[in-house]
2 protein chains.
Amino acid sequence: VSDAIGLPLITRATVTPILISDPPLLNTQGVHQPFTPRLVVEVETEAGITGVGETYGDADYVTIAERLARSIVGQPLACLNGLLALAAQNATGAVDDDPTRLDVGGLRGVRNPDKLTASVVSAFEVAALDALGRSVGLPVHALLGGKVRDRVEYSGYLFYRWAEHPIDGAPTDEWSAAVDPDGVVAQARRFAEQYGFTSFKLKGGAFPPDEEIAAIKALHAAFPDHPLRLDPNGAWSVQTSIKVANELADVVEYLEDPTLGIEGMAQVHRETGVPLATNMCVTTFAEIPPAFAANAVQVVLSDHHFWGGLIATRELAALCRTFGVGLSMHSNTHLGVSLAAMTHVACTVPELQYACDTHRPWQTEDVITVPHVFKDGCVDVSDAPGLGVEIDHDNLANLHERWQASDVRDRDDVAAMRVARPDWVQPSMPRW
Amino acid sequence: VSDAIGLPLITRATVTPILISDPPLLNTQGVHQPFTPRLVVEVETEAGITGVGETYGDADYVTIAERLARSIVGQPLACLNGLLALAAQNATGAVDDDPTRLDVGGLRGVRNPDKLTASVVSAFEVAALDALGRSVGLPVHALLGGKVRDRVEYSGYLFYRWAEHPIDGAPTDEWSAAVDPDGVVAQARRFAEQYGFTSFKLKGGAFPPDEEIAAIKALHAAFPDHPLRLDPNGAWSVQTSIKVANELADVVEYLEDPTLGIEGMAQVHRETGVPLATNMCVTTFAEIPPAFAANAVQVVLSDHHFWGGLIATRELAALCRTFGVGLSMHSNTHLGVSLAAMTHVACTVPELQYACDTHRPWQTEDVITVPHVFKDGCVDVSDAPGLGVEIDHDNLANLHERWQASDVRDRDDVAAMRVARPDWVQPSMPRW
């Protein structure tokens with residue numbers, strides 16, 4: 001069974017929701033749960049060619065993915081331009097259609113059927129690209145027009161955190177608590193030593209702004225040549241954002257989502273001149289025209305899951321280039337399949353000049369046989385066919401069994417915080 | 001000699017300027033010359049894999065192409081994302097840098113080094129895609145994410161024209177003169193019979209607007225179900241454009257470039273509601289932000305040569321989709337290599353719902369062994385590796401010899417008109 005090109009058709013797609021261990025990383029909504037859902041998508045052909053992708057694994061994503069897994073059967077491997085339409089046909093009615101809803105308390109920006117569909121499509125698109133590349137001997141980057149660099153730089157992603165989850169039997173790691181400037185600097189030192197990162201991002205919004213300003217200043221004193229970023233996930237009012245921006249104007253490379261909404265972001269930039277990055281204010285193509293018109297964001301943090309895949313990420317790059325808006329890359333908790341995809345697309349975009357974000361160093365588990373290595377803060381681009389990763393099916397099965405045995409189906413940082421602080425409710429924004 | 005992927009490197013690129021015969025088609029600048037320059041680019045690898053591209057062949061394009069032909073040697077076939085930078089390095093100082101200059105009296109929009117560079121890059125990009133596809137057995141459309149349709153619809157491109165050039169020994173064809181509504185309708189009938197076109201575009205700006213309005217109305221009477229377009233190449237004032245738009249509001253699918261400039265186009269659309277298409281007002285990425293902000297254009301006529309290739313055309317499509325602007329496709333005098341490239345990219349863009357323009361039916365010569373066939377107004381998408389065309393090197397050599405023997409180096413419709421009308425000078429715009 002092959003298509004007009006002579007390539008094998010997709011004969012099966014497998015959707016495997018998993019739970020992966022996650023450290024107690026703090027943000028303005030609460031704290032990461034001990035286990036967080038993630039989704040692995042595998043496509044198969046009769047010829048034995050397979051491909052793999054990864055995306056968010058919350059329940060609604062799984063629902064849409066299971067539908068797409070059925071409808072993608074019979075498609076050619078080079079079906080990438082039709083995937084969104086194919087998924088949209090099947091997503092109708094799959095999920096809540098409230099257009100004002102935010103995802104994970106806003107951490108992922110808007111939550112609507114189109115966005116969820118794009119996030120699911122991203123995993124299938126990457127899996128199809130992987131399989132297409134394997135079938136003809138091309139790395140994914142060559143299917144995207146070719147790499148313009150041989151390695152992709154990532155930023156050290158610092159978090160306020162606890163030493164361990166306040167739950168018996170929760171997974172542990174070898175990191176200490178970091179709840180003040182000294183803790184943050186110590187974490188950065190270890191990140192720099194272990195991985196060679198030459199820029200840092202601090203997830204903020206967890207402590208009052210003055211404490212986070214102090215942490216950034218301490219980082220700047222310790223690493224005067226490292227570009228720094230602070231991301232409170234929209235926890236600040238416009239006035240607070242302006243105050244922080246003015247305090248840190250000479251220290252930060254950019255501020256990420258200091259406040260919520262196009263109008264507020266535009267005002268903060270207008271009054272401070274500090275570049276603002278976003279992975280909340282603009283996470284869909286529909287948000288681009290009003291946000292760019294208002295000059296609300298100066299850097300878009302692409303997330304190939306949000307945007308619908310690697311080709312869509314390159315389209316976002318073209319939009320940013322055309323409008324003189326910078327491009328960097330967002331990360332949420334992810335494993336090596338997503339890191340491979342991020343690295344492939346990042347190496348093809350000439351104007352991606354910022355170090356990309358990645359949570360990967362925080363993850364102690366993976367589903368690939370040979371996890372990536374960060375050297376000098378960079379990941380080497382693979383020239384092997386497809387993504388250049390192989391799934392460890394024993395690991396994948398174990399993580400899926402964990403998902404089956406658990407009742408965790410959605411990421412919920414508010415609920416996780418409530419374990420430690422029973423009075424915790426979802427913070428109303430702006431917190432400060 | 002191969003790259004990290006194991007594919008052969010580019011070892012040679014050949015730039016072959018040619019002159020192709022062209023009928024006496026009229027436009028607002030004058031008339032097509034008997035022979036018009038075009039450029040064929042071939043890339044070669046040591047492994048014997050080759051690829052071909054085609055673009056504008058005026059002298060400045062040839063100059064930039066010859067530089068890029070040297071600097072592309074040693075590049076991998078999957079070098080597409082780096083081509084523009086490679087060409088830009090070598091284009092500096094190659095051509096006149098007057099930012100206000102227009103190309104061919106404005107028929108191609110602005111003329112600046114970036115635009116010329118992109119137009120040259122397009123041929124090398126297509127040639128590299130062709131060779132990359134041939135080397136791994138993928139059609140170009142699969143390298144662009146896959147086709148979403150099996151055939152691409154083209155529009156019948158009607159021209160006011162003379163029966164023959166007013167020059168002894170000029171090439172002839174089997175078409176009659178068309179200088180009034182009856183002639184235009186007769187031409188359309190023959191186009192519909194011969195090629196099955198189900199939509200028509202009339203190149204206007206050659207006669208006073210009332211005569212062209214009459215021609216469009218005659219076409220509408222003869223083909224009531226055919227979408228119609230009229231393109232005077234900016235020959236009308238804003239007031240004339242508004243008058244024509246109101247006269248033809250219920251008849252045309254869109255008007256093309258009725259008047260020059262963002263402000264005028266925006267006003268015409270604002271006051272008439274008629275969709276305006278362009279391949280003059282917006283022909284570069286730099287022109288998009290102001291034009292889209294002003295709602296000056298409702299349809300961009302992509303031309304993969306102007307925009308820098310097939311990947312860039314897909315980026316343009318993403319920009320249009322994001323801003324709710326339609327996408328159609330422009331054509332200038334071209335041969336089968338460009339038609340293959342146009343067809344490959346068009347079949348990958350879901351939102352390309354308009355029939356594309358093509359001059360191809362007017363060309364009696366070609367450089368490919370098996371010229372395309374229009375059936376029901378459509379060209380079938382090739383699933384053969386690469387573009388799916390083979391160069392006829394005898395034909396190519398003959399057309400290059402014609403170029404060598406001639407002193408025609410640039411397209412010049414004004415000069416061609418002066419042969420028939422010695423008092424003809426470049427019309428100042430608006431003509432009406």
# chains A, B, ... in the order shown; residues from 1 in each chain; ligands from 1
>>> calpha_fit_and_write(fixed="chain B", moving="chain A", output="short mmCIF file (atom, residue, chain, number, x, y, z; two decimals) with C-alpha atoms, in the first residue's frame")
data_model
loop_
_atom_site.label_atom_id
_atom_site.label_comp_id
_atom_site.auth_asym_id
_atom_site.auth_seq_id
_atom_site.Cartn_x
_atom_site.Cartn_y
_atom_site.Cartn_z
CA VAL A 1 32.08 14.75 -1.81
CA SER A 2 28.98 14.67 0.34
CA ASP A 3 27.47 16.61 3.21
CA ALA A 4 26.78 15.44 6.76
CA ILE A 5 23.52 13.85 5.61
CA GLY A 6 25.34 11.82 2.99
CA LEU A 7 23.92 13.73 0.04
CA PRO A 8 26.15 15.03 -2.73
CA LEU A 9 27.22 18.66 -2.52
CA ILE A 10 26.51 21.15 -5.27
CA THR A 11 29.58 21.10 -7.51
CA ARG A 12 28.42 23.42 -10.25
CA ALA A 13 25.67 25.87 -11.06
CA THR A 14 25.02 27.03 -14.58
CA VAL A 15 23.26 30.25 -15.45
CA THR A 16 21.82 30.32 -18.96
CA PRO A 17 20.17 33.52 -20.12
CA ILE A 18 17.81 32.94 -23.02
CA LEU A 19 15.49 34.92 -25.23
CA ILE A 20 12.06 33.46 -25.81
CA SER A 21 9.57 34.56 -28.41
CA ASP A 22 6.64 36.51 -27.07
CA PRO A 23 3.48 37.69 -28.85
CA PRO A 24 2.54 41.38 -29.16
CA LEU A 25 0.54 41.52 -25.92
CA LEU A 26 -0.52 45.02 -24.91
CA ASN A 27 -0.42 46.62 -21.50
CA THR A 28 -0.36 50.10 -20.11
CA GLN A 29 3.39 50.50 -20.62
CA GLY A 30 3.34 49.42 -24.25
CA VAL A 31 3.62 46.02 -25.82
CA HIS A 32 5.64 42.86 -25.26
CA GLN A 33 8.82 42.66 -27.32
CA PRO A 34 9.17 39.91 -29.92
CA PHE A 35 11.77 38.31 -27.67
CA THR A 36 11.97 38.56 -23.91
CA PRO A 37 14.81 37.51 -21.61
CA ARG A 38 14.49 34.64 -19.21
CA LEU A 39 17.03 32.82 -17.10
CA VAL A 40 17.51 29.09 -16.57
CA VAL A 41 19.56 27.92 -13.59
CA GLU A 42 20.88 24.39 -13.33
CA VAL A 43 22.65 22.97 -10.30
CA GLU A 44 24.76 19.86 -10.54
CA THR A 45 26.36 17.43 -8.11
CA GLU A 46 29.21 14.99 -8.52
CA ALA A 47 26.75 12.15 -8.26
CA GLY A 48 25.13 13.33 -11.48
CA ILE A 49 22.01 14.61 -9.74
CA THR A 50 20.84 17.86 -11.31
CA GLY A 51 18.10 20.37 -10.69
CA VAL A 52 16.63 23.24 -12.64
CA GLY A 53 15.01 26.59 -11.92
CA GLU A 54 13.83 29.56 -13.95
CA THR A 55 13.45 33.27 -13.28
CA TYR A 56 13.46 36.72 -14.85
CA GLY A 57 16.36 37.17 -17.24
CA ASP A 58 17.04 40.91 -17.42
CA ALA A 59 20.66 41.99 -17.16
CA ASP A 60 20.74 42.75 -13.44
CA TYR A 61 19.18 39.40 -12.62
CA VAL A 62 21.87 37.69 -14.70
CA THR A 63 24.61 39.60 -12.88
CA ILE A 64 23.36 38.53 -9.46
CA ALA A 65 22.74 34.98 -10.67
CA GLU A 66 26.29 34.61 -11.96
CA ARG A 67 27.62 35.64 -8.56
CA LEU A 68 25.34 33.23 -6.74
CA ALA A 69 26.28 30.45 -9.18
CA ARG A 70 29.84 30.77 -7.98
CA SER A 71 29.09 31.01 -4.27
CA ILE A 72 26.61 28.11 -4.17
CA VAL A 73 29.34 25.65 -5.15
CA GLY A 74 30.09 23.46 -2.17
CA GLN A 75 26.70 23.98 -0.56
CA PRO A 76 24.53 20.99 0.38
CA LEU A 77 21.33 20.43 -1.61
CA ALA A 78 19.32 21.21 1.53
CA CYS A 79 20.71 24.74 1.65
CA LEU A 80 17.42 26.49 1.07
CA ASN A 81 17.20 28.43 4.31
CA GLY A 82 20.62 29.93 3.81
CA LEU A 83 20.32 30.89 0.15
CA LEU A 84 19.03 34.40 0.64
CA ALA A 85 21.90 35.30 2.97
CA LEU A 86 24.39 33.67 0.60
CA ALA A 87 23.03 35.67 -2.32
CA ALA A 88 22.83 38.91 -0.37
CA GLN A 89 26.52 38.69 0.52
CA ASN A 90 27.30 38.61 -3.16
CA ALA A 91 24.73 41.03 -4.49
CA THR A 92 26.12 44.12 -2.82
CA GLY A 93 26.99 46.66 -5.42
CA ALA A 94 25.78 44.43 -8.22
CA VAL A 95 22.86 46.62 -9.12
CA ASP A 96 21.56 50.14 -8.90
CA ASP A 97 20.39 50.87 -5.38
CA ASP A 98 17.78 53.57 -6.00
CA PRO A 99 14.98 52.66 -3.56
CA THR A 100 12.29 54.49 -5.52
CA ARG A 101 12.89 52.65 -8.74
CA LEU A 102 10.21 50.48 -10.30
CA ASP A 103 10.82 47.40 -12.40
CA VAL A 104 9.70 47.41 -16.05
CA GLY A 105 7.82 50.63 -15.54
CA GLY A 106 6.23 49.27 -12.40
CA LEU A 107 4.82 46.11 -13.96
CA ARG A 108 6.81 44.10 -11.44
CA GLY A 109 6.46 46.56 -8.56
CA VAL A 110 9.42 47.99 -6.70
CA ARG A 111 12.93 47.33 -7.92
CA ASN A 112 15.60 47.18 -5.27
CA PRO A 113 18.59 44.95 -4.56
CA ASP A 114 16.69 42.81 -2.04
CA LYS A 115 13.89 42.17 -4.51
CA LEU A 116 16.26 41.37 -7.35
CA THR A 117 18.22 39.08 -5.06
CA ALA A 118 15.07 37.25 -3.98
CA SER A 119 14.01 36.88 -7.61
CA VAL A 120 17.35 35.28 -8.46
CA VAL A 121 17.37 33.13 -5.33
CA SER A 122 14.01 31.73 -6.39
CA ALA A 123 15.59 29.99 -9.39
CA PHE A 124 18.40 28.50 -7.33
CA GLU A 125 16.00 27.46 -4.60
CA VAL A 126 13.76 25.68 -7.10
CA ALA A 127 16.79 24.06 -8.73
CA ALA A 128 18.09 22.86 -5.35
CA LEU A 129 14.63 21.56 -4.41
CA ASP A 130 14.46 19.76 -7.76
CA ALA A 131 17.88 18.17 -7.20
CA LEU A 132 17.12 17.35 -3.55
CA GLY A 133 13.85 15.73 -4.59
CA ARG A 134 15.56 13.75 -7.34
CA SER A 135 18.28 12.62 -4.99
CA VAL A 136 15.86 11.10 -2.48
CA GLY A 137 12.89 10.28 -4.72
CA LEU A 138 10.50 12.93 -3.42
CA PRO A 139 8.50 15.34 -5.58
CA VAL A 140 9.05 18.98 -4.69
CA HIS A 141 5.57 19.23 -3.19
CA ALA A 142 6.49 16.54 -0.64
CA LEU A 143 9.53 18.63 0.33
CA LEU A 144 7.05 21.45 0.99
CA GLY A 145 4.89 19.34 3.31
CA GLY A 146 2.79 17.54 0.71
CA LYS A 147 0.07 18.35 -1.78
CA VAL A 148 -3.46 19.12 -0.61
CA ARG A 149 -4.85 18.82 -4.17
CA ASP A 150 -3.97 16.72 -7.21
CA ARG A 151 -4.31 19.47 -9.79
CA VAL A 152 -3.91 23.22 -9.78
CA GLU A 153 -6.40 25.48 -11.48
CA TYR A 154 -5.19 28.28 -13.71
CA SER A 155 -7.06 31.26 -15.08
CA GLY A 156 -7.26 32.10 -18.77
CA TYR A 157 -5.06 35.16 -19.15
CA LEU A 158 -6.61 37.38 -21.84
CA PHE A 159 -4.68 40.18 -23.49
CA TYR A 160 -5.44 42.96 -25.85
CA ARG A 161 -3.01 42.20 -28.63
CA TRP A 162 -2.08 42.72 -32.19
CA ALA A 163 -2.11 39.89 -34.69
CA GLU A 164 1.62 40.26 -35.14
CA HIS A 165 4.63 42.34 -34.18
CA PRO A 166 5.25 45.35 -36.50
CA ILE A 167 8.73 44.02 -37.23
CA ASP A 168 9.94 41.92 -40.14
CA GLY A 169 11.13 38.52 -39.04
CA ALA A 170 9.49 38.74 -35.63
CA PRO A 171 7.95 35.50 -34.38
CA THR A 172 4.31 34.89 -35.20
CA ASP A 173 1.58 32.76 -33.71
CA GLU A 174 -1.88 31.58 -34.67
CA TRP A 175 -3.83 34.13 -32.69
CA SER A 176 -5.79 37.05 -34.12
CA ALA A 177 -5.79 40.63 -32.99
CA ALA A 178 -7.96 41.55 -29.99
CA VAL A 179 -8.48 45.26 -29.52
CA ASP A 180 -12.15 45.50 -28.60
CA PRO A 181 -14.81 43.59 -26.64
CA ASP A 182 -15.58 41.23 -29.53
CA GLY A 183 -11.91 40.40 -29.95
CA VAL A 184 -11.50 39.75 -26.24
CA VAL A 185 -14.56 37.48 -26.11
CA ALA A 186 -13.36 35.57 -29.17
CA GLN A 187 -9.99 35.07 -27.50
CA ALA A 188 -11.70 33.87 -24.34
CA ARG A 189 -13.80 31.39 -26.31
CA ARG A 190 -10.73 29.91 -27.90
CA PHE A 191 -8.96 29.76 -24.53
CA ALA A 192 -11.95 28.02 -22.97
CA GLU A 193 -12.21 25.52 -25.82
CA GLN A 194 -8.53 24.79 -26.05
CA TYR A 195 -7.60 24.71 -22.36
CA GLY A 196 -10.87 24.50 -20.44
CA PHE A 197 -10.24 27.61 -18.35
CA THR A 198 -13.20 28.43 -16.14
CA SER A 199 -12.06 31.87 -15.07
CA PHE A 200 -10.53 34.75 -16.98
CA LYS A 201 -8.23 37.63 -16.31
CA LEU A 202 -7.99 40.52 -18.77
CA LYS A 203 -4.81 42.55 -18.86
CA GLY A 204 -6.13 46.10 -19.03
CA GLY A 205 -4.70 49.59 -18.89
CA ALA A 206 -4.18 49.49 -22.64
CA PHE A 207 -7.37 51.26 -23.65
CA PRO A 208 -9.52 53.91 -22.00
CA PRO A 209 -11.39 52.49 -19.00
CA ASP A 210 -14.83 52.60 -20.66
CA GLU A 211 -13.62 50.28 -23.40
CA GLU A 212 -12.21 47.85 -20.87
CA ILE A 213 -15.38 47.99 -18.79
CA ALA A 214 -17.27 47.10 -21.98
CA ALA A 215 -14.92 44.18 -22.60
CA ILE A 216 -15.43 42.80 -19.09
CA LYS A 217 -19.19 43.18 -19.43
CA ALA A 218 -19.05 41.38 -22.78
CA LEU A 219 -17.04 38.60 -21.16
CA HIS A 220 -19.58 38.37 -18.36
CA ALA A 221 -22.42 38.13 -20.87
CA ALA A 222 -20.60 35.38 -22.76
CA PHE A 223 -19.38 33.53 -19.65
CA PRO A 224 -21.84 34.40 -16.88
CA ASP A 225 -20.46 31.77 -14.49
CA HIS A 226 -16.77 32.51 -14.98
CA PRO A 227 -14.99 34.57 -12.33
CA LEU A 228 -13.46 37.61 -14.07
CA ARG A 229 -10.53 39.87 -13.23
CA LEU A 230 -9.27 43.08 -14.78
CA ASP A 231 -5.72 44.33 -14.30
CA PRO A 232 -4.73 47.79 -15.61
CA ASN A 233 -1.35 47.74 -13.82
CA GLY A 234 -2.05 50.89 -11.86
CA ALA A 235 -3.07 52.96 -14.87
CA TRP A 236 -6.04 54.61 -13.21
CA SER A 237 -6.42 57.47 -10.79
CA VAL A 238 -8.24 56.79 -7.54
CA GLN A 239 -11.37 58.45 -8.90
CA THR A 240 -11.27 56.46 -12.12
CA SER A 241 -10.63 53.29 -10.15
CA ILE A 242 -13.65 53.99 -7.97
CA LYS A 243 -15.79 54.57 -11.05
CA VAL A 244 -14.64 51.33 -12.69
CA ALA A 245 -14.99 49.38 -9.46
CA ASN A 246 -18.55 50.58 -9.02
CA GLU A 247 -19.39 49.73 -12.63
CA LEU A 248 -17.96 46.23 -12.33
CA ALA A 249 -18.70 45.49 -8.68
CA ASP A 250 -21.14 42.69 -9.48
CA VAL A 251 -19.09 41.29 -12.33
CA VAL A 252 -15.49 40.94 -11.20
CA GLU A 253 -14.01 38.47 -8.75
CA TYR A 254 -11.42 41.14 -8.00
CA LEU A 255 -9.75 44.14 -9.59
CA GLU A 256 -5.99 43.97 -9.87
CA ASP A 257 -3.85 47.03 -9.10
CA PRO A 258 -6.34 49.59 -10.39
CA THR A 259 -4.21 52.40 -9.02
CA LEU A 260 -0.71 52.85 -7.61
CA GLY A 261 0.26 52.96 -3.98
CA ILE A 262 -1.09 51.81 -0.66
CA GLU A 263 -3.10 54.94 0.05
CA GLY A 264 -4.91 54.94 -3.26
CA MET A 265 -5.62 51.23 -3.20
CA ALA A 266 -6.99 51.51 0.33
CA GLN A 267 -9.27 54.35 -0.68
CA VAL A 268 -10.63 52.48 -3.70
CA HIS A 269 -11.48 49.48 -1.58
CA ARG A 270 -12.92 51.55 1.23
CA GLU A 271 -15.24 53.44 -1.08
CA THR A 272 -16.33 50.54 -3.28
CA GLY A 273 -15.97 47.33 -1.28
CA VAL A 274 -14.57 45.63 -4.38
CA PRO A 275 -11.72 43.25 -3.50
CA LEU A 276 -8.39 44.46 -4.83
CA ALA A 277 -5.58 42.15 -5.78
CA THR A 278 -1.97 43.13 -6.28
CA ASN A 279 1.32 42.15 -7.78
CA MET A 280 2.61 45.74 -7.79
CA CYS A 281 1.58 47.36 -4.49
CA VAL A 282 2.89 44.43 -2.43
CA THR A 283 5.69 42.36 -3.95
CA THR A 284 8.07 42.13 -1.00
CA PHE A 285 7.74 41.20 2.64
CA ALA A 286 8.72 44.75 3.61
CA GLU A 287 5.58 46.10 1.95
CA ILE A 288 3.22 43.84 3.85
CA PRO A 289 2.95 45.61 7.22
CA PRO A 290 1.90 49.02 5.87
CA ALA A 291 -0.32 47.56 3.13
CA PHE A 292 -2.13 45.16 5.44
CA ALA A 293 -2.52 47.82 8.12
CA ALA A 294 -4.21 50.10 5.58
CA ASN A 295 -6.34 47.25 4.17
CA ALA A 296 -4.96 48.28 0.79
CA VAL A 297 -5.12 44.79 -0.70
CA GLN A 298 -7.55 41.95 -0.20
CA VAL A 299 -5.70 39.43 -2.37
CA VAL A 300 -1.94 39.12 -2.79
CA LEU A 301 -0.88 37.66 -6.11
CA SER A 302 2.12 35.64 -5.12
CA ASP A 303 4.91 35.25 -7.62
CA HIS A 304 7.45 32.80 -6.27
CA HIS A 305 10.18 34.62 -8.21
CA PHE A 306 9.51 37.97 -6.53
CA TRP A 307 9.16 36.45 -3.08
CA GLY A 308 12.33 34.37 -3.14
CA GLY A 309 11.15 30.87 -3.93
CA LEU A 310 8.65 28.23 -2.98
CA ILE A 311 9.30 28.23 0.76
CA ALA A 312 8.98 32.02 0.80
CA THR A 313 5.72 31.73 -1.13
CA ARG A 314 4.40 29.43 1.55
CA GLU A 315 5.49 31.98 4.15
CA LEU A 316 3.59 34.65 2.25
CA ALA A 317 0.58 32.33 2.33
CA ALA A 318 0.89 32.10 6.11
CA LEU A 319 1.04 35.88 6.37
CA CYS A 320 -2.07 36.24 4.23
CA ARG A 321 -3.94 33.55 6.17
CA THR A 322 -3.05 35.19 9.47
CA PHE A 323 -4.26 38.60 8.36
CA GLY A 324 -7.35 37.38 6.51
CA VAL A 325 -5.96 38.45 3.14
CA GLY A 326 -6.62 36.24 0.12
CA LEU A 327 -3.93 34.57 -1.93
CA SER A 328 -3.79 34.06 -5.66
CA MET A 329 -0.85 33.75 -8.04
CA HIS A 330 0.74 36.17 -10.47
CA SER A 331 2.47 35.24 -13.67
CA ASN A 332 4.86 36.94 -15.98
CA THR A 333 6.08 35.50 -19.27
CA HIS A 334 7.51 32.13 -18.28
CA LEU A 335 8.27 28.63 -19.46
CA GLY A 336 7.58 25.15 -18.19
CA VAL A 337 10.17 25.12 -15.42
CA SER A 338 8.44 28.00 -13.68
CA LEU A 339 5.01 26.47 -14.37
CA ALA A 340 6.18 23.27 -12.69
CA ALA A 341 7.43 25.25 -9.69
CA MET A 342 4.19 27.27 -9.52
CA THR A 343 2.14 24.09 -9.63
CA HIS A 344 4.18 22.37 -6.92
CA VAL A 345 3.88 25.23 -4.47
CA ALA A 346 0.24 25.96 -5.31
CA CYS A 347 -0.79 22.37 -4.59
CA THR A 348 0.63 22.60 -1.06
CA VAL A 349 -1.25 25.71 0.09
CA PRO A 350 -4.74 24.92 1.40
CA GLU A 351 -6.01 28.49 1.21
CA LEU A 352 -4.97 29.11 -2.39
CA GLN A 353 -8.54 28.94 -3.59
CA TYR A 354 -8.32 31.25 -6.60
CA ALA A 355 -7.30 30.06 -10.04
CA CYS A 356 -3.66 31.04 -10.61
CA ASP A 357 -2.50 33.27 -13.45
CA THR A 358 -0.22 31.93 -16.14
CA HIS A 359 1.16 33.36 -19.38
CA ARG A 360 2.21 29.87 -20.45
CA PRO A 361 -0.45 29.38 -23.17
CA TRP A 362 0.95 32.42 -24.98
CA GLN A 363 4.44 30.95 -25.21
CA THR A 364 5.19 28.88 -28.30
CA GLU A 365 8.60 27.76 -27.04
CA ASP A 366 9.72 25.82 -24.01
CA VAL A 367 12.88 24.39 -22.51
CA ILE A 368 11.34 21.21 -21.12
CA THR A 369 10.95 18.00 -23.07
CA VAL A 370 7.25 17.50 -22.30
CA PRO A 371 5.37 20.79 -21.95
CA HIS A 372 2.48 20.88 -19.50
CA VAL A 373 -1.07 20.24 -20.62
CA PHE A 374 -3.99 22.34 -19.40
CA LYS A 375 -7.11 20.25 -18.98
CA ASP A 376 -10.28 21.78 -17.57
CA GLY A 377 -8.09 24.80 -16.92
CA CYS A 378 -5.90 22.72 -14.63
CA VAL A 379 -2.38 21.31 -14.57
CA ASP A 380 -1.92 17.92 -12.94
CA VAL A 381 0.52 17.84 -10.05
CA SER A 382 3.53 15.69 -10.82
CA ASP A 383 4.45 13.01 -8.29
CA ALA A 384 7.75 12.25 -10.02
CA PRO A 385 10.93 13.08 -8.09
CA GLY A 386 11.83 16.77 -8.05
CA LEU A 387 9.86 19.10 -10.29
CA GLY A 388 9.01 16.30 -12.68
CA VAL A 389 10.37 18.07 -15.78
CA GLU A 390 13.41 17.39 -17.94
CA ILE A 391 15.38 20.08 -19.73
CA ASP A 392 15.59 19.86 -23.52
CA HIS A 393 19.21 20.95 -23.79
CA ASP A 394 19.02 21.45 -27.57
CA ASN A 395 16.17 23.90 -27.13
CA LEU A 396 17.94 25.59 -24.26
CA ALA A 397 21.13 25.97 -26.33
CA ASN A 398 19.19 27.42 -29.25
CA LEU A 399 17.44 29.98 -27.07
CA HIS A 400 20.74 30.89 -25.44
CA GLU A 401 22.33 31.35 -28.88
CA ARG A 402 19.49 33.69 -29.74
CA TRP A 403 20.30 35.67 -26.59
CA GLN A 404 23.99 35.77 -27.50
CA ALA A 405 23.22 36.97 -31.02
CA SER A 406 20.83 39.67 -29.85
CA ASP A 407 21.33 42.96 -28.08
CA VAL A 408 18.08 42.58 -26.11
CA ARG A 409 19.11 42.35 -22.49
CA ASP A 410 16.09 43.77 -20.67
CA ARG A 411 12.39 43.65 -21.05
CA ASP A 412 11.23 47.01 -22.38
CA ASP A 413 7.58 47.28 -23.40
CA VAL A 414 7.95 51.02 -23.97
CA ALA A 415 10.67 50.55 -26.57
CA ALA A 416 8.66 47.83 -28.28
CA MET A 417 5.66 50.15 -28.58
CA ARG A 418 7.86 52.85 -30.02
CA VAL A 419 8.48 50.66 -33.06
CA ALA A 420 4.81 51.00 -33.99
CA ARG A 421 4.32 54.48 -32.55
CA PRO A 422 7.55 56.50 -32.75
CA ASP A 423 6.07 59.18 -30.49
CA TRP A 424 5.44 56.70 -27.65
CA VAL A 425 7.04 57.59 -24.33
CA GLN A 426 6.70 55.87 -21.03
CA PRO A 427 3.21 56.80 -19.86
CA SER A 428 3.05 58.85 -16.71
CA MET A 429 0.70 57.36 -14.18
CA PRO A 430 -2.21 57.54 -13.76
CA ARG A 431 -2.96 57.46 -17.47
CA TRP A 432 -6.68 57.83 -16.86
#
>>> select_by_dssp(residues="stretch 111-223 of chain A", states="alpha helix (DSSP H)", output="PyMOL selection string")
chain A and resi 113-136+140-143+181-195+209-222
>>> select_by_dssp(residues="stretch 290-414 of chain A", states="strand (DSSP E or B)", output="ChimeraX atom specification")
/A:299-302,326-329,356-357,368,375,378-380,386,391
>>> decode(residues="stretch 314-327 of chain A", atoms="C-alpha atoms", output="CSV table (one decimal), in the first residue's frame")
chain,number,residue,atom,x,y,z
A,314,ARG,CA,8.6,28.4,10.5
A,315,GLU,CA,5.5,30.4,9.4
A,316,LEU,CA,5.5,32.1,12.7
A,317,ALA,CA,9.1,33.0,12.2
A,318,ALA,CA,8.2,34.5,8.8
A,319,LEU,CA,5.5,36.6,10.4
A,320,CYS,CA,7.9,37.8,13.1
A,321,ARG,CA,10.6,38.6,10.5
A,322,THR,CA,8.2,40.5,8.4
A,323,PHE,CA,6.9,42.6,11.2
A,324,GLY,CA,10.3,43.2,12.9
A,325,VAL,CA,9.3,41.1,15.9
A,326,GLY,CA,12.0,38.9,17.5
A,327,LEU,CA,11.7,35.1,17.8
